[in-house]
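Reproduced below: target22.cif, with mmCIF, C-alpha atoms.
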data_entry
#
loop_
_atom_site.group_PDB
_atom_site.id
_atom_site.type_symbol
_atom_site.label_atom_id
_atom_site.label_comp_id
_atom_site.auth_asym_id
_atom_site.auth_seq_id
_atom_site.Cartn_x
_atom_site.Cartn_y
_atom_site.Cartn_z
ATOM 1 C CA MET A 1 -14.478 41.522 -10.084
ATOM 2 C CA LYS A 2 -15.878 41.639 -6.591
ATOM 3 C CA LEU A 3 -16.543 37.920 -6.850
ATOM 4 C CA LEU A 4 -12.979 37.308 -7.973
ATOM 5 C CA THR A 5 -11.614 39.196 -4.986
ATOM 6 C CA LEU A 6 -13.883 37.203 -2.745
ATOM 7 C CA VAL A 7 -12.760 33.923 -4.247
ATOM 8 C CA ALA A 8 -9.123 34.944 -4.055
ATOM 9 C CA GLY A 9 -9.662 35.942 -0.440
ATOM 10 C CA PHE A 10 -11.149 32.555 0.359
ATOM 11 C CA LEU A 11 -8.327 30.760 -1.365
ATOM 12 C CA LEU A 12 -5.807 32.746 0.640
ATOM 13 C CA LEU A 13 -7.685 31.859 3.779
ATOM 14 C CA PHE A 14 -6.917 28.191 3.197
ATOM 15 C CA ALA A 15 -3.492 28.699 1.702
ATOM 16 C CA SER A 16 -1.701 28.389 4.994
ATOM 17 C CA ALA A 17 -0.973 24.695 4.682
ATOM 18 C CA HIS A 18 -0.338 23.144 8.046
ATOM 19 C CA ALA A 19 3.021 21.588 8.508
ATOM 20 C CA ILE A 20 2.287 18.162 9.900
ATOM 21 C CA ASP A 21 5.472 17.800 11.866
ATOM 22 C CA VAL A 22 5.843 21.071 13.677
ATOM 23 C CA GLY A 23 9.274 22.599 13.333
ATOM 24 C CA GLN A 24 12.396 21.084 11.912
ATOM 25 C CA SER A 25 13.059 17.393 12.414
ATOM 26 C CA PHE A 26 16.814 17.627 12.114
ATOM 27 C CA ASP A 27 19.383 20.160 13.259
ATOM 28 C CA ASP A 28 21.523 19.294 10.282
ATOM 29 C CA PRO A 29 20.115 21.218 7.281
ATOM 30 C CA GLU A 30 21.407 18.596 4.862
ATOM 31 C CA LEU A 31 19.549 15.780 6.642
ATOM 32 C CA GLN A 32 16.459 17.948 6.875
ATOM 33 C CA GLN A 33 16.621 18.560 3.138
ATOM 34 C CA ARG A 34 16.955 14.844 2.371
ATOM 35 C CA TYR A 35 14.125 14.078 4.777
ATOM 36 C CA ASP A 36 11.852 16.660 3.123
ATOM 37 C CA LYS A 37 12.663 15.227 -0.270
ATOM 38 C CA ILE A 38 12.036 11.604 0.710
ATOM 39 C CA ILE A 39 8.729 12.151 2.476
ATOM 40 C CA ALA A 40 7.449 14.038 -0.581
ATOM 41 C CA GLU A 41 8.180 10.953 -2.704
ATOM 42 C CA VAL A 42 6.462 8.322 -0.596
ATOM 43 C CA ARG A 43 2.827 7.430 -0.965
ATOM 44 C CA CYS A 44 0.641 7.143 2.069
ATOM 45 C CA LEU A 45 -0.933 3.745 1.447
ATOM 46 C CA LYS A 46 -3.845 4.458 3.707
ATOM 47 C CA CYS A 47 -4.767 7.585 1.768
ATOM 48 C CA GLN A 48 -3.441 6.784 -1.629
ATOM 49 C CA ASN A 49 -3.416 10.135 -3.317
ATOM 50 C CA GLN A 50 -1.349 11.807 -0.672
ATOM 51 C CA THR A 51 2.306 11.648 0.090
ATOM 52 C CA ILE A 52 3.304 10.861 3.633
ATOM 53 C CA LYS A 53 4.414 14.477 3.813
ATOM 54 C CA ASP A 54 0.838 15.666 3.349
ATOM 55 C CA SER A 55 -1.037 13.024 5.266
ATOM 56 C CA ASN A 56 -1.819 12.952 8.936
ATOM 57 C CA ALA A 57 -2.935 9.329 8.938
ATOM 58 C CA PHE A 58 -1.123 7.420 11.657
ATOM 59 C CA LEU A 59 0.523 5.213 9.080
ATOM 60 C CA ALA A 60 2.033 8.270 7.410
ATOM 61 C CA SER A 61 3.383 9.565 10.694
ATOM 62 C CA ASP A 62 4.758 6.095 11.520
ATOM 63 C CA LEU A 63 6.522 6.021 8.179
ATOM 64 C CA ARG A 64 7.904 9.522 8.672
ATOM 65 C CA ARG A 65 9.230 8.392 12.042
ATOM 66 C CA GLU A 66 10.873 5.323 10.487
ATOM 67 C CA ILE A 67 12.455 7.484 7.778
ATOM 68 C CA ARG A 68 13.819 9.887 10.413
ATOM 69 C CA ARG A 69 15.252 6.921 12.284
ATOM 70 C CA LEU A 70 16.900 5.526 9.154
ATOM 71 C CA LEU A 71 18.357 8.924 8.295
ATOM 72 C CA GLU A 72 19.741 9.226 11.794
ATOM 73 C CA GLU A 73 21.301 5.801 11.413
ATOM 74 C CA GLY A 74 23.136 7.198 8.401
ATOM 75 C CA LYS A 75 21.255 5.223 5.749
ATOM 76 C CA SER A 76 21.458 6.456 2.164
ATOM 77 C CA ASP A 77 18.379 7.599 0.241
ATOM 78 C CA THR A 78 18.526 4.435 -1.857
ATOM 79 C CA GLU A 79 18.613 2.263 1.254
ATOM 80 C CA ILE A 80 15.580 4.082 2.619
ATOM 81 C CA TYR A 81 13.638 3.626 -0.618
ATOM 82 C CA ASP A 82 14.684 -0.051 -0.604
ATOM 83 C CA PHE A 83 13.360 -0.365 2.938
ATOM 84 C CA LEU A 84 9.973 0.976 1.844
ATOM 85 C CA VAL A 85 9.737 -0.996 -1.399
ATOM 86 C CA ALA A 86 10.630 -4.235 0.409
ATOM 87 C CA ARG A 87 7.642 -3.729 2.707
ATOM 88 C CA TYR A 88 5.080 -1.896 0.650
ATOM 89 C CA GLY A 89 6.098 -2.573 -2.945
ATOM 90 C CA ASP A 90 6.787 -0.259 -5.860
ATOM 91 C CA PHE A 91 3.441 1.396 -5.308
ATOM 92 C CA ALA A 92 4.824 3.126 -2.223
ATOM 93 C CA LEU A 93 6.994 5.398 -4.313
ATOM 94 C CA TYR A 94 5.498 8.183 -6.367
ATOM 95 C CA ARG A 95 8.323 7.754 -8.833
ATOM 96 C CA PRO A 96 8.570 3.969 -9.139
ATOM 97 C CA ARG A 97 11.939 2.612 -10.019
ATOM 98 C CA THR A 98 12.555 1.113 -13.424
ATOM 99 C CA SER A 99 12.262 -2.603 -12.983
ATOM 100 C CA GLY A 100 10.714 -5.333 -15.077
ATOM 101 C CA ARG A 101 7.303 -4.730 -13.608
ATOM 102 C CA THR A 102 7.322 -0.949 -13.738
ATOM 103 C CA LEU A 103 8.940 -0.645 -17.147
ATOM 104 C CA ILE A 104 5.590 -0.147 -18.861
ATOM 105 C CA LEU A 105 4.951 2.945 -16.731
ATOM 106 C CA TRP A 106 8.072 4.557 -18.091
ATOM 107 C CA VAL A 107 7.937 3.274 -21.654
ATOM 108 C CA ALA A 108 4.220 3.692 -22.404
ATOM 109 C CA PRO A 109 4.224 7.522 -22.567
ATOM 110 C CA ILE A 110 7.123 7.496 -25.031
ATOM 111 C CA VAL A 111 5.392 4.861 -27.143
ATOM 112 C CA PHE A 112 2.180 6.916 -27.150
ATOM 113 C CA LEU A 113 4.106 10.038 -28.112
ATOM 114 C CA LEU A 114 5.869 8.268 -30.979
ATOM 115 C CA PHE A 115 2.581 6.778 -32.120
ATOM 116 C CA GLY A 116 1.008 10.250 -32.140
ATOM 117 C CA ALA A 117 3.947 11.656 -34.086
ATOM 118 C CA PHE A 118 3.601 8.825 -36.583
ATOM 119 C CA ILE A 119 -0.120 9.524 -37.127
ATOM 120 C CA LEU A 120 0.576 13.250 -37.435
ATOM 121 C CA ALA A 121 3.320 12.668 -39.986
ATOM 122 C CA ARG A 122 1.018 10.436 -42.001
ATOM 123 C CA ILE A 123 -1.763 13.002 -42.082
ATOM 124 C CA VAL A 124 0.600 15.828 -42.980
ATOM 125 C CA ARG A 125 2.222 13.806 -45.708
ATOM 126 C CA ARG A 126 -1.112 12.832 -47.197
ATOM 127 C CA ARG A 127 -2.313 16.437 -47.218
ATOM 128 C CA LEU A 128 0.937 17.630 -48.769
ATOM 129 C CA ALA A 129 0.387 15.173 -51.578
ATOM 130 C CA LEU A 130 -3.011 16.664 -52.352
ATOM 131 C CA PRO A 131 -3.041 19.076 -55.304
ATOM 132 C CA ILE A 132 -3.187 22.705 -54.238
ATOM 133 C CA ASP A 133 -6.548 24.034 -55.183
ATOM 134 C CA ASP A 134 -6.504 27.707 -56.083
ATOM 135 C CA ASP A 135 -10.186 28.022 -56.585
ATOM 136 C CA PRO A 136 -11.439 29.747 -53.367
ATOM 137 C CA ALA A 137 -15.018 28.762 -54.027
ATOM 138 C CA ALA A 138 -14.163 25.063 -54.060
ATOM 139 C CA GLY A 139 -12.353 25.205 -50.737
ATOM 140 C CA SER A 140 -15.289 26.380 -48.671
ATOM 141 C CA MET B 1 -8.776 -1.515 -44.455
ATOM 142 C CA SER B 2 -11.548 1.011 -44.066
ATOM 143 C CA LYS B 3 -10.767 4.411 -42.623
ATOM 144 C CA PHE B 4 -12.619 3.409 -39.461
ATOM 145 C CA THR B 5 -10.373 0.476 -38.719
ATOM 146 C CA LEU B 6 -7.664 2.364 -36.847
ATOM 147 C CA PRO B 7 -9.964 4.529 -34.706
ATOM 148 C CA LEU B 8 -12.050 1.463 -33.890
ATOM 149 C CA LEU B 9 -8.981 -0.495 -32.909
ATOM 150 C CA GLY B 10 -7.859 2.415 -30.752
ATOM 151 C CA PHE B 11 -11.274 2.573 -29.127
ATOM 152 C CA ALA B 12 -11.299 -1.165 -28.464
ATOM 153 C CA LEU B 13 -7.848 -0.889 -26.905
ATOM 154 C CA LEU B 14 -8.999 1.922 -24.610
ATOM 155 C CA VAL B 15 -12.082 -0.047 -23.591
ATOM 156 C CA GLY B 16 -9.795 -2.950 -22.786
ATOM 157 C CA VAL B 17 -7.547 -0.752 -20.666
ATOM 158 C CA PHE B 18 -10.532 0.682 -18.791
ATOM 159 C CA VAL B 19 -12.099 -2.728 -18.193
ATOM 160 C CA ILE B 20 -8.870 -3.927 -16.613
ATOM 161 C CA GLY B 21 -8.207 -0.676 -14.788
ATOM 162 C CA LEU B 22 -11.678 -0.110 -13.397
ATOM 163 C CA THR B 23 -12.234 -3.647 -12.186
ATOM 164 C CA MET B 24 -9.041 -3.678 -10.157
ATOM 165 C CA ASP B 25 -9.292 -2.514 -6.573
ATOM 166 C CA PRO B 26 -6.523 0.004 -5.878
ATOM 167 C CA SER B 27 -6.897 -0.460 -2.133
ATOM 168 C CA ARG B 28 -5.583 -4.019 -2.449
ATOM 169 C CA ILE B 29 -1.916 -3.626 -2.948
ATOM 170 C CA PRO B 30 -0.030 -6.815 -3.706
ATOM 171 C CA SER B 31 2.406 -7.557 -0.928
ATOM 172 C CA PRO B 32 6.085 -7.757 -1.808
ATOM 173 C CA LEU B 33 6.403 -10.185 1.112
ATOM 174 C CA LEU B 34 4.740 -13.008 -0.794
ATOM 175 C CA GLN B 35 7.057 -15.994 -1.226
ATOM 176 C CA GLN B 36 9.593 -14.184 0.963
ATOM 177 C CA ALA B 37 10.732 -14.935 4.476
ATOM 178 C CA ALA B 38 8.266 -13.457 6.955
ATOM 179 C CA PRO B 39 9.615 -10.692 9.186
ATOM 180 C CA GLU B 40 11.131 -11.862 12.452
ATOM 181 C CA PHE B 41 9.957 -9.991 15.496
ATOM 182 C CA SER B 42 9.748 -10.105 19.231
ATOM 183 C CA ILE B 43 7.553 -7.603 21.046
ATOM 184 C CA PRO B 44 5.760 -7.262 24.381
ATOM 185 C CA SER B 45 2.712 -9.419 24.792
ATOM 186 C CA LEU B 46 -0.672 -7.722 24.872
ATOM 187 C CA HIS B 47 -1.524 -9.579 28.060
ATOM 188 C CA ASP B 48 1.729 -8.974 29.897
ATOM 189 C CA PRO B 49 4.169 -6.197 28.899
ATOM 190 C CA ASP B 50 7.038 -8.135 30.527
ATOM 191 C CA VAL B 51 6.619 -11.179 28.305
ATOM 192 C CA LEU B 52 7.987 -11.107 24.774
ATOM 193 C CA VAL B 53 6.070 -12.803 21.972
ATOM 194 C CA GLY B 54 6.695 -12.974 18.258
ATOM 195 C CA SER B 55 7.709 -15.200 15.408
ATOM 196 C CA ASP B 56 9.048 -17.781 17.900
ATOM 197 C CA ASN B 57 5.470 -18.508 18.932
ATOM 198 C CA TYR B 58 4.671 -20.144 15.611
ATOM 199 C CA ARG B 59 8.083 -21.294 14.412
ATOM 200 C CA ASN B 60 8.061 -24.453 12.247
ATOM 201 C CA GLN B 61 4.297 -24.378 12.007
ATOM 202 C CA VAL B 62 1.892 -23.363 9.309
ATOM 203 C CA ALA B 63 0.245 -20.384 10.973
ATOM 204 C CA LEU B 64 -1.788 -17.241 10.503
ATOM 205 C CA VAL B 65 -0.579 -13.821 11.526
ATOM 206 C CA ASN B 66 -3.579 -11.584 11.950
ATOM 207 C CA ILE B 67 -3.131 -7.819 12.204
ATOM 208 C CA TRP B 68 -6.001 -6.261 14.095
ATOM 209 C CA ALA B 69 -7.051 -3.360 16.267
ATOM 210 C CA THR B 70 -10.104 -2.290 18.210
ATOM 211 C CA TRP B 71 -10.531 0.769 15.986
ATOM 212 C CA CYS B 72 -10.991 -1.484 12.987
ATOM 213 C CA PRO B 73 -14.599 -2.425 12.148
ATOM 214 C CA GLY B 74 -13.506 -5.169 9.750
ATOM 215 C CA CYS B 75 -11.660 -6.835 12.612
ATOM 216 C CA ARG B 76 -14.846 -7.143 14.592
ATOM 217 C CA GLN B 77 -16.525 -8.555 11.528
ATOM 218 C CA GLU B 78 -13.988 -11.354 11.113
ATOM 219 C CA HIS B 79 -13.520 -12.030 14.813
ATOM 220 C CA GLY B 80 -16.279 -14.624 14.972
ATOM 221 C CA PHE B 81 -14.697 -16.609 12.188
ATOM 222 C CA LEU B 82 -11.251 -16.443 13.797
ATOM 223 C CA LEU B 83 -12.841 -17.875 16.951
ATOM 224 C CA GLU B 84 -14.342 -20.705 14.912
ATOM 225 C CA LEU B 85 -10.957 -21.460 13.354
ATOM 226 C CA ALA B 86 -9.358 -21.511 16.777
ATOM 227 C CA LYS B 87 -12.061 -23.759 18.205
ATOM 228 C CA GLU B 88 -11.721 -26.197 15.333
ATOM 229 C CA GLY B 89 -7.984 -26.230 15.938
ATOM 230 C CA ALA B 90 -7.573 -25.514 12.245
ATOM 231 C CA ILE B 91 -4.420 -23.441 12.523
ATOM 232 C CA PRO B 92 -2.493 -21.471 15.146
ATOM 233 C CA ILE B 93 -3.328 -17.770 14.858
ATOM 234 C CA PHE B 94 -0.906 -15.161 16.094
ATOM 235 C CA GLY B 95 -2.530 -11.800 16.789
ATOM 236 C CA LEU B 96 -0.665 -8.601 16.147
ATOM 237 C CA ASN B 97 -2.523 -5.862 17.938
ATOM 238 C CA TRP B 98 -1.547 -2.861 15.858
ATOM 239 C CA ARG B 99 -1.503 0.747 16.965
ATOM 240 C CA ASP B 100 -4.085 0.147 19.621
ATOM 241 C CA ASP B 101 -4.956 0.816 23.212
ATOM 242 C CA ARG B 102 -3.966 -1.995 25.568
ATOM 243 C CA VAL B 103 -6.965 -1.706 27.873
ATOM 244 C CA GLU B 104 -9.420 -1.564 24.979
ATOM 245 C CA ALA B 105 -7.751 -4.492 23.232
ATOM 246 C CA LEU B 106 -7.809 -6.665 26.341
ATOM 247 C CA ARG B 107 -11.448 -5.823 26.946
ATOM 248 C CA TRP B 108 -12.169 -6.815 23.315
ATOM 249 C CA LEU B 109 -10.580 -10.224 23.811
ATOM 250 C CA GLN B 110 -12.322 -10.743 27.149
ATOM 251 C CA THR B 111 -15.790 -9.888 25.881
ATOM 252 C CA LEU B 112 -15.606 -11.361 22.382
ATOM 253 C CA GLY B 113 -13.241 -14.251 23.008
ATOM 254 C CA ASP B 114 -9.560 -14.793 22.291
ATOM 255 C CA PRO B 115 -8.719 -16.834 19.173
ATOM 256 C CA TYR B 116 -4.972 -16.159 19.380
ATOM 257 C CA ILE B 117 -2.177 -18.449 20.530
ATOM 258 C CA ALA B 118 -0.395 -15.244 21.537
ATOM 259 C CA SER B 119 -0.921 -11.544 21.005
ATOM 260 C CA GLY B 120 1.773 -8.986 20.378
ATOM 261 C CA PHE B 121 1.213 -5.365 21.323
ATOM 262 C CA ASP B 122 2.614 -3.150 18.578
ATOM 263 C CA ALA B 123 1.917 0.234 20.122
ATOM 264 C CA ASP B 124 4.014 2.383 17.804
ATOM 265 C CA GLY B 125 3.364 0.385 14.637
ATOM 266 C CA ARG B 126 6.949 -0.657 13.956
ATOM 267 C CA VAL B 127 6.253 -4.342 13.552
ATOM 268 C CA GLY B 128 3.266 -3.429 11.412
ATOM 269 C CA ILE B 129 5.569 -1.548 9.057
ATOM 270 C CA ASP B 130 7.863 -4.571 8.780
ATOM 271 C CA TRP B 131 4.829 -6.548 7.646
ATOM 272 C CA GLY B 132 3.866 -3.842 5.188
ATOM 273 C CA ALA B 133 0.579 -3.322 7.001
ATOM 274 C CA TYR B 134 -1.501 -0.389 5.865
ATOM 275 C CA GLY B 135 -5.039 -1.260 6.829
ATOM 276 C CA ALA B 136 -6.326 -3.766 9.326
ATOM 277 C CA PRO B 137 -7.466 -6.458 9.195
ATOM 278 C CA GLU B 138 -4.681 -8.129 7.282
ATOM 279 C CA THR B 139 -4.047 -11.845 7.524
ATOM 280 C CA PHE B 140 -0.843 -13.570 6.473
ATOM 281 C CA LEU B 141 -0.469 -17.282 5.917
ATOM 282 C CA ILE B 142 2.979 -18.450 6.965
ATOM 283 C CA ASP B 143 4.445 -21.753 5.855
ATOM 284 C CA SER B 144 6.276 -23.980 8.318
ATOM 285 C CA ASP B 145 9.614 -22.802 6.925
ATOM 286 C CA GLY B 146 8.674 -19.207 7.696
ATOM 287 C CA THR B 147 7.720 -18.135 4.181
ATOM 288 C CA VAL B 148 4.739 -15.875 3.596
ATOM 289 C CA ILE B 149 2.538 -17.842 1.228
ATOM 290 C CA HIS B 150 -0.587 -15.706 1.214
ATOM 291 C CA LYS B 151 -1.870 -12.340 2.301
ATOM 292 C CA HIS B 152 -5.509 -11.480 2.694
ATOM 293 C CA ILE B 153 -6.590 -7.869 3.112
ATOM 294 C CA ALA B 154 -10.115 -7.295 4.476
ATOM 295 C CA PRO B 155 -12.118 -9.450 6.881
ATOM 296 C CA LEU B 156 -11.584 -13.172 6.650
ATOM 297 C CA THR B 157 -14.632 -15.333 6.023
ATOM 298 C CA ARG B 158 -15.111 -19.066 5.770
ATOM 299 C CA GLU B 159 -15.654 -18.742 2.061
ATOM 300 C CA ILE B 160 -12.325 -16.967 1.540
ATOM 301 C CA TRP B 161 -10.649 -19.345 3.929
ATOM 302 C CA GLU B 162 -11.805 -22.400 1.980
ATOM 303 C CA ARG B 163 -11.090 -20.852 -1.389
ATOM 304 C CA ASP B 164 -7.714 -19.143 -0.842
ATOM 305 C CA PHE B 165 -6.142 -20.592 2.272
ATOM 306 C CA LEU B 166 -7.026 -24.280 2.424
ATOM 307 C CA PRO B 167 -5.509 -25.220 -0.966
ATOM 308 C CA LEU B 168 -2.259 -23.504 0.012
ATOM 309 C CA ILE B 169 -2.189 -25.233 3.386
ATOM 310 C CA ALA B 170 -2.820 -28.586 1.714
ATOM 311 C CA GLY B 171 0.000 -27.851 -0.728
ATOM 312 C CA SER B 172 2.469 -26.644 1.859
ATOM 313 C CA GLY B 173 3.186 -30.061 3.361
ATOM 314 C CA ALA B 174 3.944 -31.564 -0.042
ATOM 315 C CA LYS B 175 6.801 -29.199 -0.703
#

Could you write out this file's structure as structure tokens?
Amino acid sequence: MKLLTLVAGFLLLFASAHAIDVGQSFDDPELQQRYDKIIAEVRCLKCQNQTIKDSNAFLASDLRREIRRLLEEGKSDTEIYDFLVARYGDFALYRPRTSGRTLILWVAPIVFLLFGAFILARIVRRRLALPIDDDPAAGS
Amino acid sequence: MSKFTLPLLGFALLVGVFVIGLTMDPSRIPSPLLQQAAPEFSIPSLHDPDVLVGSDNYRNQVALVNIWATWCPGCRQEHGFLLELAKEGAIPIFGLNWRDDRVEALRWLQTLGDPYIASGFDADGRVGIDWGAYGAPETFLIDSDGTVIHKHIAPLTREIWERDFLPLIAGSGAK
């Protein structure tokens, strides 16, 4: 128990995630909300398992700056994602768009799920077809 | 069909997926700029902030655009080869000094040598973003009509140059 408290205490110690951009970037709450949403969707290509929201690599801060600029220019979210994909490719987005090349990413999980369901159904059906054995000694 | 056939097939499939997946290098991201028009830009020269340099410096020529910085160890590694290319007159090389310090960058070119026909100073990384740069050194091969025909990420060597660049350069005139 003591150990648990200690561990929990340590975790809390590091829980205060630093905001990378200090303060709000926009006065307009709607723009700020869109900005927060977009930067959480864009991969930092220098540090590939982080979004540009979480990364303090200079490339991430450059990209955040570009996104702020585009938002200020009144660009739509789609236009901003287009801007990024045109330069960095589909890989830049954590939720890649459905296109010919990314289709497999979206379809594969469904195919796997259906395949699993098919196997399961086959096993269940085969077992259902087995005669029910009432002799407890034989079952063990 | 034995009862092992399906699991074995599944296993073979997984092995296949892993062989492909694990031998690919995730730090080399294919550039969406390939076969597209290269970004147009005009930025202050590294040597003189009042002079603008950019895509006009290599217009209508087959050229290299090399993204480099003094903080980039790979750039130092390839610098000798870039100098050789420049000395041989193989191809005009435009240098894009990316997110760097002007004084440091100039000292680099003075001490190591300057292989570039012109050097742009991209202090805030905006031109770099237009090129989809994410890690220097990156080298783009531009066709005379301004199309990006190849991108090399990581230091350039003679071996890579002869293998990946020369055939494309030879083919570009025939188009």

Per residue of chain A within 7 Å of chain B, record the nearest atom pair and its distance in Å to one decimal, counting all atoms listed in the file, with rows in chain order and ascending residue number, as a Markdown table.
| residue | atom | partner | partner_atom | distance |
| --- | --- | --- | --- | --- |
| A:Leu45 | CA | B:Tyr134 | CA | 6.1 |
| A:Lys46 | CA | B:Tyr134 | CA | 5.8 |
| A:Leu59 | CA | B:Tyr134 | CA | 6.8 |
| A:Asp62 | CA | B:Gly125 | CA | 6.7 |
| A:Ala86 | CA | B:Pro32 | CA | 6.2 |
| A:Arg87 | CA | B:Gly132 | CA | 4.5 |
| A:Tyr88 | CA | B:Gly132 | CA | 5.1 |
| A:Gly89 | CA | B:Pro32 | CA | 5.3 |

Using the chain letters and numbering of this document, enumerate as a PyMOL selection string the residues selected by the PyMOL selection byres ((chain B and resi 42-59) around 8). chain B and resi 39-41+60-63+92+94+97+102+105-106+117-122+144-146

What is the distance, in Å and to one decimal place, between CA of Leu31 in chain A and CA of Leu71 in chain A? 7.2 Å

Apply the PyMOL selection byres ((chain B and resi 151-167) around 7) to the structure shown and report the selected residues as number ranges by chain. B: 28, 74-75, 77-78, 81, 137-141, 150, 168-171

Selection result of the PyMOL selection byres ((chain A and resi 81) around 12) on this file, as a PyMOL selection string: chain A and resi 35+37-39+41-43+63+66-67+70-71+75-80+82-97

List as an MDAnalysis selection string the protein and nucleic acid residues near Ile149 in chain B, meaning an atom at most 7 Å away when all atoms listed in the file are counted, but skip any in the same chain fewer than 5 places from it. chainID B and resid 34:35 141:143

Proximity to Leu85 in chain B - best of B:Ala37, B:Leu109, B:Phe11, B:Leu64, all atoms listed in the file: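 Comparing B:Ala37, B:Leu109, B:Phe11, B:Leu64 against Leu85 in chain B, the winner is B:Leu64.
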
Write out as number ranges by chain which residues come within 9 Å of Tyr116 in chain B when counting all atoms listed in the file, dropping same-chain ones fewer than 5 positions away. B: 66, 82-83, 86, 92-95

Could you tell me how far CA of Leu8 in chain B lies from CA of Thr23 in chain B, in Å and to one decimal?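 That distance, rounded to one decimal, is 22.3 Å.
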
Give me the residues within 8 Å of Arg64 in chain A as number ranges by chain, counting all atoms listed in the file and dropping any in the same chain fewer than 3 places off. A: 39, 52-53, 60-61, 67-68

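Taking CA of Leu103 in chain A and CA of Ser55 in chain A as the two end points, the separation is 28.1 Å.
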
For Leu96 in chain B, which of B:Val65, B:Ala136, B:Leu112, B:Ala123 is the closest residue, counting all atoms listed in the file? B:Val65
